>>> print(open('final-v6.cif').read())   # mmCIF, C-alpha atoms
data_coords
loop_
_atom_site.group_PDB
_atom_site.id
_atom_site.type_symbol
_atom_site.label_atom_id
_atom_site.label_comp_id
_atom_site.auth_asym_id
_atom_site.auth_seq_id
_atom_site.Cartn_x
_atom_site.Cartn_y
_atom_site.Cartn_z
ATOM 1 C CA MET A 283 13.241 -1.914 45.642
ATOM 2 C CA THR A 284 9.644 -2.275 46.739
ATOM 3 C CA PRO A 285 9.256 0.361 49.406
ATOM 4 C CA GLY A 286 6.380 0.412 51.784
ATOM 5 C CA THR A 287 3.428 2.580 50.914
ATOM 6 C CA SER A 288 2.288 5.587 52.883
ATOM 7 C CA ASP A 289 0.019 3.359 54.959
ATOM 8 C CA GLY A 290 3.062 1.293 56.051
ATOM 9 C CA THR A 291 2.224 -1.729 53.899
ATOM 10 C CA ASP A 292 5.218 -3.717 52.653
ATOM 11 C CA GLY A 293 5.234 -3.385 48.850
ATOM 12 C CA GLY A 294 6.956 -6.752 48.377
ATOM 13 C CA ILE A 295 4.317 -8.516 50.463
ATOM 14 C CA ARG A 296 1.548 -6.784 48.497
ATOM 15 C CA LEU A 297 3.091 -7.985 45.224
ATOM 16 C CA LEU A 298 3.420 -11.497 46.646
ATOM 17 C CA GLU A 299 -0.195 -11.593 47.814
ATOM 18 C CA SER A 300 -1.358 -10.474 44.377
ATOM 19 C CA ALA A 301 0.862 -13.057 42.645
ATOM 20 C CA ILE A 302 -0.521 -15.817 44.873
ATOM 21 C CA GLY A 303 -4.092 -14.834 44.016
ATOM 22 C CA TYR A 304 -3.301 -14.908 40.314
ATOM 23 C CA ALA A 305 -1.476 -18.251 40.511
ATOM 24 C CA LEU A 306 -4.282 -19.820 42.549
ATOM 25 C CA ALA A 307 -6.797 -18.776 39.901
ATOM 26 C CA ALA A 308 -4.600 -20.316 37.192
ATOM 27 C CA ALA A 309 -4.103 -23.545 39.163
ATOM 28 C CA ALA A 310 -7.855 -23.917 39.723
ATOM 29 C CA ALA A 311 -8.135 -25.032 36.090
ATOM 30 C CA VAL A 312 -5.642 -27.904 36.452
ATOM 31 C CA THR A 313 -7.089 -31.402 36.146
ATOM 32 C CA PRO A 314 -5.164 -34.699 36.231
ATOM 33 C CA ASP A 315 -5.473 -34.906 32.437
ATOM 34 C CA PHE A 316 -3.484 -31.666 32.076
ATOM 35 C CA LEU A 317 -0.409 -32.780 34.066
ATOM 36 C CA SER A 318 1.435 -34.160 31.047
ATOM 37 C CA ARG A 319 0.847 -31.025 28.941
ATOM 38 C CA PRO A 320 3.894 -28.993 27.898
ATOM 39 C CA THR A 321 4.516 -25.616 29.516
ATOM 40 C CA PRO A 322 6.359 -22.489 28.360
ATOM 41 C CA CYS A 323 9.290 -23.770 30.474
ATOM 42 C CA ARG A 324 11.332 -25.751 27.979
ATOM 43 C CA ASP A 325 11.400 -29.512 28.664
ATOM 44 C CA TRP A 326 8.933 -29.247 31.580
ATOM 45 C CA ASP A 327 5.426 -30.617 31.636
ATOM 46 C CA LEU A 328 2.774 -29.195 33.940
ATOM 47 C CA ARG A 329 3.466 -31.803 36.653
ATOM 48 C CA MET A 330 7.140 -30.789 36.828
ATOM 49 C CA LEU A 331 6.262 -27.097 36.836
ATOM 50 C CA LEU A 332 3.754 -27.485 39.680
ATOM 51 C CA ARG A 333 6.262 -29.490 41.726
ATOM 52 C CA HIS A 334 8.917 -26.807 41.212
ATOM 53 C CA ALA A 335 6.498 -23.975 42.021
ATOM 54 C CA GLY A 336 5.328 -25.880 45.103
ATOM 55 C CA GLU A 337 8.936 -26.104 46.330
ATOM 56 C CA SER A 338 9.294 -22.363 45.766
ATOM 57 C CA LEU A 339 6.124 -21.699 47.765
ATOM 58 C CA CYS A 340 7.528 -23.786 50.639
ATOM 59 C CA ALA A 341 10.809 -21.877 50.668
ATOM 60 C CA ILE A 342 9.125 -18.461 50.535
ATOM 61 C CA HIS A 343 6.714 -19.505 53.292
ATOM 62 C CA GLU A 344 9.618 -20.671 55.422
ATOM 63 C CA GLY A 345 11.330 -17.317 55.005
ATOM 64 C CA ILE A 346 8.224 -15.242 55.751
ATOM 65 C CA ASP A 347 7.136 -17.424 58.676
ATOM 66 C CA ALA A 348 10.438 -18.428 60.305
ATOM 67 C CA GLY A 349 12.855 -15.749 59.128
ATOM 68 C CA CYS A 350 15.218 -18.252 57.516
ATOM 69 C CA ILE A 351 15.278 -20.702 54.635
ATOM 70 C CA ALA A 352 17.023 -24.036 55.044
ATOM 71 C CA ARG A 353 19.917 -24.714 52.721
ATOM 72 C CA TYR A 354 18.417 -28.023 51.632
ATOM 73 C CA PRO A 355 14.670 -28.506 51.172
ATOM 74 C CA SER A 356 12.899 -31.261 53.051
ATOM 75 C CA ARG A 357 12.058 -34.449 51.203
ATOM 76 C CA GLU A 358 9.067 -34.322 48.920
ATOM 77 C CA ASP A 359 5.975 -36.018 50.348
ATOM 78 C CA ALA A 360 3.936 -38.529 48.384
ATOM 79 C CA GLY A 361 1.076 -36.051 47.912
ATOM 80 C CA VAL A 362 3.221 -33.863 45.670
ATOM 81 C CA ALA A 363 3.843 -36.690 43.236
ATOM 82 C CA SER A 364 0.245 -37.885 43.182
ATOM 83 C CA ASP A 365 -1.531 -34.503 43.062
ATOM 84 C CA PRO A 366 0.874 -31.603 42.535
ATOM 85 C CA ALA A 367 -1.937 -29.155 41.732
ATOM 86 C CA ARG A 368 -3.663 -29.772 45.071
ATOM 87 C CA VAL A 369 -0.367 -29.444 46.944
ATOM 88 C CA PHE A 370 0.440 -26.259 45.026
ATOM 89 C CA ARG A 371 -2.930 -24.754 45.987
ATOM 90 C CA GLU A 372 -2.511 -25.779 49.644
ATOM 91 C CA ARG A 373 0.990 -24.312 49.856
ATOM 92 C CA ALA A 374 -0.122 -21.117 48.121
ATOM 93 C CA GLY A 375 -2.923 -20.789 50.678
ATOM 94 C CA LEU A 376 -0.492 -21.251 53.570
ATOM 95 C CA LEU A 377 1.829 -18.606 52.148
ATOM 96 C CA ARG A 378 -1.079 -16.214 51.583
ATOM 97 C CA ASP A 379 -2.103 -16.696 55.231
ATOM 98 C CA ALA A 380 1.462 -16.070 56.414
ATOM 99 C CA CYS A 381 1.596 -12.857 54.364
ATOM 100 C CA ALA A 382 -1.669 -11.659 55.870
ATOM 101 C CA SER A 383 -0.581 -12.402 59.432
ATOM 102 C CA PRO A 384 -0.174 -9.159 61.371
ATOM 103 C CA GLY A 385 2.765 -10.585 63.361
ATOM 104 C CA ARG A 386 5.443 -10.936 60.624
ATOM 105 C CA PRO A 387 8.352 -9.918 62.864
ATOM 106 C CA HIS A 388 11.148 -10.970 60.503
ATOM 107 C CA GLU A 389 12.545 -7.961 58.660
ATOM 108 C CA VAL A 390 15.616 -9.908 57.536
ATOM 109 C CA ILE A 391 15.529 -13.414 56.080
ATOM 110 C CA HIS A 392 18.555 -15.700 56.455
ATOM 111 C CA ILE A 393 19.281 -17.871 53.421
ATOM 112 C CA ALA A 394 22.419 -19.954 53.964
ATOM 113 C CA ASP A 395 25.182 -17.331 54.375
ATOM 114 C CA ALA A 396 23.157 -14.512 52.811
ATOM 115 C CA LEU A 397 20.656 -12.030 54.185
ATOM 116 C CA LEU A 398 17.681 -10.535 52.361
ATOM 117 C CA THR A 399 15.113 -8.078 53.557
ATOM 118 C CA ARG A 400 11.610 -9.485 53.789
ATOM 119 C CA SER A 401 10.461 -7.083 51.080
ATOM 120 C CA VAL A 402 13.156 -8.163 48.600
ATOM 121 C CA MET A 403 12.483 -11.848 49.273
ATOM 122 C CA ALA A 404 8.736 -11.300 48.890
ATOM 123 C CA SER A 405 9.304 -9.386 45.637
ATOM 124 C CA ALA A 406 11.465 -12.191 44.240
ATOM 125 C CA GLY A 407 8.822 -14.686 45.355
ATOM 126 C CA ALA A 408 6.111 -12.632 43.653
ATOM 127 C CA LEU A 409 8.038 -12.705 40.384
ATOM 128 C CA GLU A 410 8.521 -16.472 40.645
ATOM 129 C CA ILE A 411 4.909 -17.244 41.552
ATOM 130 C CA ALA A 412 3.343 -14.833 39.039
ATOM 131 C CA VAL A 413 5.373 -16.074 36.078
ATOM 132 C CA HIS A 414 4.684 -19.695 36.987
ATOM 133 C CA GLY A 415 0.996 -18.832 37.317
ATOM 134 C CA TRP A 416 1.277 -17.498 33.763
ATOM 135 C CA ASP A 417 2.960 -20.762 32.719
ATOM 136 C CA VAL A 418 0.166 -22.822 34.339
ATOM 137 C CA SER A 419 -2.507 -20.735 32.636
ATOM 138 C CA ARG A 420 -0.826 -21.273 29.265
ATOM 139 C CA ALA A 421 -0.469 -25.013 29.822
ATOM 140 C CA CYS A 422 -4.186 -25.227 30.674
ATOM 141 C CA GLY A 423 -5.073 -23.367 27.474
ATOM 142 C CA HIS A 424 -6.547 -20.325 29.229
ATOM 143 C CA CYS A 425 -3.769 -17.810 28.531
ATOM 144 C CA GLN A 426 -4.962 -15.533 31.342
ATOM 145 C CA PRO A 427 -2.608 -12.522 31.506
ATOM 146 C CA ILE A 428 -0.951 -11.446 34.720
ATOM 147 C CA PRO A 429 -3.090 -8.625 36.154
ATOM 148 C CA ARG A 430 -1.957 -5.246 34.851
ATOM 149 C CA ALA A 431 -0.964 -3.677 38.192
ATOM 150 C CA LEU A 432 0.902 -6.805 39.312
ATOM 151 C CA ALA A 433 2.740 -7.153 35.985
ATOM 152 C CA ALA A 434 3.681 -3.449 35.987
ATOM 153 C CA GLY A 435 4.998 -3.691 39.559
ATOM 154 C CA LEU A 436 7.027 -6.772 38.688
ATOM 155 C CA LEU A 437 8.357 -5.208 35.479
ATOM 156 C CA ALA A 438 9.743 -2.336 37.555
ATOM 157 C CA ILE A 439 11.846 -4.678 39.692
ATOM 158 C CA ALA A 440 12.511 -7.597 37.318
ATOM 159 C CA PRO A 441 15.808 -6.179 35.938
ATOM 160 C CA LEU A 442 17.119 -5.980 39.508
ATOM 161 C CA LEU A 443 16.047 -9.526 40.340
ATOM 162 C CA VAL A 444 17.062 -11.090 37.004
ATOM 163 C CA PRO A 445 20.107 -9.187 35.765
ATOM 164 C CA CYS A 446 21.426 -9.939 32.285
ATOM 165 C CA ARG A 447 24.600 -11.606 33.549
ATOM 166 C CA ASP A 448 22.754 -14.111 35.770
ATOM 167 C CA ARG A 449 20.064 -15.326 33.371
ATOM 168 C CA PRO A 450 21.281 -18.714 32.154
ATOM 169 C CA PRO A 451 20.387 -21.425 32.980
ATOM 170 C CA LEU A 452 17.366 -20.189 34.983
ATOM 171 C CA PHE A 453 15.981 -17.854 32.313
ATOM 172 C CA ALA A 454 16.201 -17.726 28.546
ATOM 173 C CA GLU A 455 17.182 -14.541 26.777
ATOM 174 C CA PRO A 456 14.439 -11.887 26.567
ATOM 175 C CA VAL A 457 11.981 -12.165 23.684
ATOM 176 C CA SER A 458 11.113 -9.132 21.552
ATOM 177 C CA VAL A 459 7.580 -7.770 21.829
ATOM 178 C CA PRO A 460 6.020 -4.670 20.264
ATOM 179 C CA PRO A 461 6.308 -1.457 22.316
ATOM 180 C CA GLU A 462 2.517 -1.402 22.764
ATOM 181 C CA ALA A 463 2.463 -4.882 24.365
ATOM 182 C CA ASP A 464 0.663 -4.987 27.705
ATOM 183 C CA PRO A 465 2.672 -5.369 30.952
ATOM 184 C CA SER A 466 1.894 -9.098 31.221
ATOM 185 C CA ASP A 467 3.315 -9.805 27.767
ATOM 186 C CA ARG A 468 6.335 -7.567 28.401
ATOM 187 C CA LEU A 469 7.071 -9.351 31.685
ATOM 188 C CA ALA A 470 6.740 -12.810 30.131
ATOM 189 C CA ALA A 471 8.994 -11.721 27.263
ATOM 190 C CA PHE A 472 11.582 -10.269 29.650
ATOM 191 C CA LEU A 473 11.725 -13.669 31.354
ATOM 192 C CA GLY A 474 12.310 -15.467 28.057
ATOM 193 C CA ARG A 475 8.758 -16.584 27.350
ATOM 194 C CA ASN A 476 6.962 -16.016 24.070
ATOM 195 C CA PRO A 477 3.669 -14.275 24.837
#
>>> encode(input="final-v6.cif", output="structure tokens")
Amino acid sequence: MTPGTSDGTDGGIRLLESAIGYALAAAAAVTPDFLSRPTPCRDWDLRMLLRHAGESLCAIHEGIDAGCIARYPSREDAGVASDPARVFRERAGLLRDACASPGRPHEVIHIADALLTRSVMASAGALEIAVHGWDVSRACGHCQPIPRALAAGLLAIAPLLVPCRDRPPLFAEPVSVPPEADPSDRLAAFLGRNP
């Protein structure tokens, strides 16, 4: 799905690192006044979105770092409720550090009774983090597109990660965009967002 490059780099990890950088830039604009703003995720305000994305960052970090993801997440700490943007940025930084660690010995990640390769899990994490970075940027009024190379890489694998039959309730139906739309808009539209 995201094969390694000729220099041996894991393509999924590269996508994830790029998605983290993009999401961190989007989250830098969040202030406490923005937390009640609506997001492209129907019925979610920015606080809810950041809490959800923070949970995702924890799970991906757990998989990359420990080689397994617990069936049930740990209880949310008080910091998440009081400052979800700060917690999001901290967790994104920890995941970025784990991705950059030369040790990463876990080629297979255990998730309950399932197994995923590290590259597939990282690719799925990249899709999750990039699209939520896009959501954060929209909620903050910046509308910063997903970087072209990242969006194109994610577009190539998105149909495998989000097949038509498994969309609801996690994703809305795809939105139509013109053929000349850039990769960021096409990716957002594929995931049910109106660019």
>>> closest_residue(input="final-v6.cif", among="A:Arg368, A:Arg296, A:Arg400, A:Arg319", to="Ile342 in chain A", atoms="only C-alpha atoms")
A:Arg400
>>> closest_residue(input="final-v6.cif", among="A:Arg378, A:His424, A:Arg475, A:His392", to="Ile411 in chain A", atoms="all atoms listed in the file")
A:Arg378
>>> atom_distance(input="final-v6.cif", atom1="CA of Ala434 in chain A", atom2="CA of Pro465 in chain A")
5.5 Å
>>> atom_distance(input="final-v6.cif", atom1="CA of Leu436 in chain A", atom2="CA of Met330 in chain A")
24.1 Å
>>> closest_residue(input="final-v6.cif", among="A:Leu317, A:Ile393, A:Val369, A:Ala374", to="Gly415 in chain A", atoms="all atoms listed in the file")
A:Ala374
>>> atom_distance(input="final-v6.cif", atom1="CA of Ile391 in chain A", atom2="CA of Leu437 in chain A")
23.3 Å
>>> residues_around(input="final-v6.cif", residues="Ala367 in chain A", least_positions_apart="2", cutoff="12 Å", atoms="only C-alpha atoms", output="MDAnalysis selection string")
chainID A and resid 305:317 328:336 361:365 369:374 415 418 422
>>> residues_near_point(input="final-v6.cif", point="(13.6, -16.0, 60.5)", cutoff="7 Å", atoms="only C-alpha atoms", output="PDB file with C-alpha atoms, keeping the file's coordinate frame")
ATOM      1  CA  GLY A 345      11.330 -17.317  55.005  1.00  0.00           C
ATOM      2  CA  ASP A 347       7.136 -17.424  58.676  1.00  0.00           C
ATOM      3  CA  ALA A 348      10.438 -18.428  60.305  1.00  0.00           C
ATOM      4  CA  GLY A 349      12.855 -15.749  59.128  1.00  0.00           C
ATOM      5  CA  CYS A 350      15.218 -18.252  57.516  1.00  0.00           C
ATOM      6  CA  HIS A 388      11.148 -10.970  60.503  1.00  0.00           C
ATOM      7  CA  ILE A 391      15.529 -13.414  56.080  1.00  0.00           C
ATOM      8  CA  HIS A 392      18.555 -15.700  56.455  1.00  0.00           C
TER       9      HIS A 392
END
>>> resolve_selection(input="final-v6.cif", expression="the PyMOL selection byres ((chain A and resi 394) around 8)", output="ChimeraX atom specification")
/A:351-353,392-393,395-396
>>> write_last_selection(input="final-v6.cif", atoms="C-alpha atoms", output="PDB file, keeping the file's coordinate frame")
ATOM      1  CA  ILE A 351      15.278 -20.702  54.635  1.00  0.00           C
ATOM      2  CA  ALA A 352      17.023 -24.036  55.044  1.00  0.00           C
ATOM      3  CA  ARG A 353      19.917 -24.714  52.721  1.00  0.00           C
ATOM      4  CA  HIS A 392      18.555 -15.700  56.455  1.00  0.00           C
ATOM      5  CA  ILE A 393      19.281 -17.871  53.421  1.00  0.00           C
ATOM      6  CA  ASP A 395      25.182 -17.331  54.375  1.00  0.00           C
ATOM      7  CA  ALA A 396      23.157 -14.512  52.811  1.00  0.00           C
TER       8      ALA A 396
END
>>> closest_residue(input="final-v6.cif", among="A:Gly474, A:Gly293, A:Gly423, A:Pro429", to="Cys446 in chain A", atoms="all atoms listed in the file")
A:Gly474
>>> closest_residue(input="final-v6.cif", among="A:Leu377, A:Pro456, A:Asp325, A:Pro461", to="Asn476 in chain A", atoms="all atoms listed in the file")
A:Pro456
>>> resolve_selection(input="final-v6.cif", expression="the PyMOL selection byres ((chain A and resi 297) around 8)", output="number ranges by chain")
A: 293-296, 298-301, 404-405, 408, 432, 435-436
>>> closest_residue(input="final-v6.cif", among="A:Val402, A:Asp327, A:Pro366, A:His343", to="Ser383 in chain A", atoms="all atoms listed in the file")
A:His343
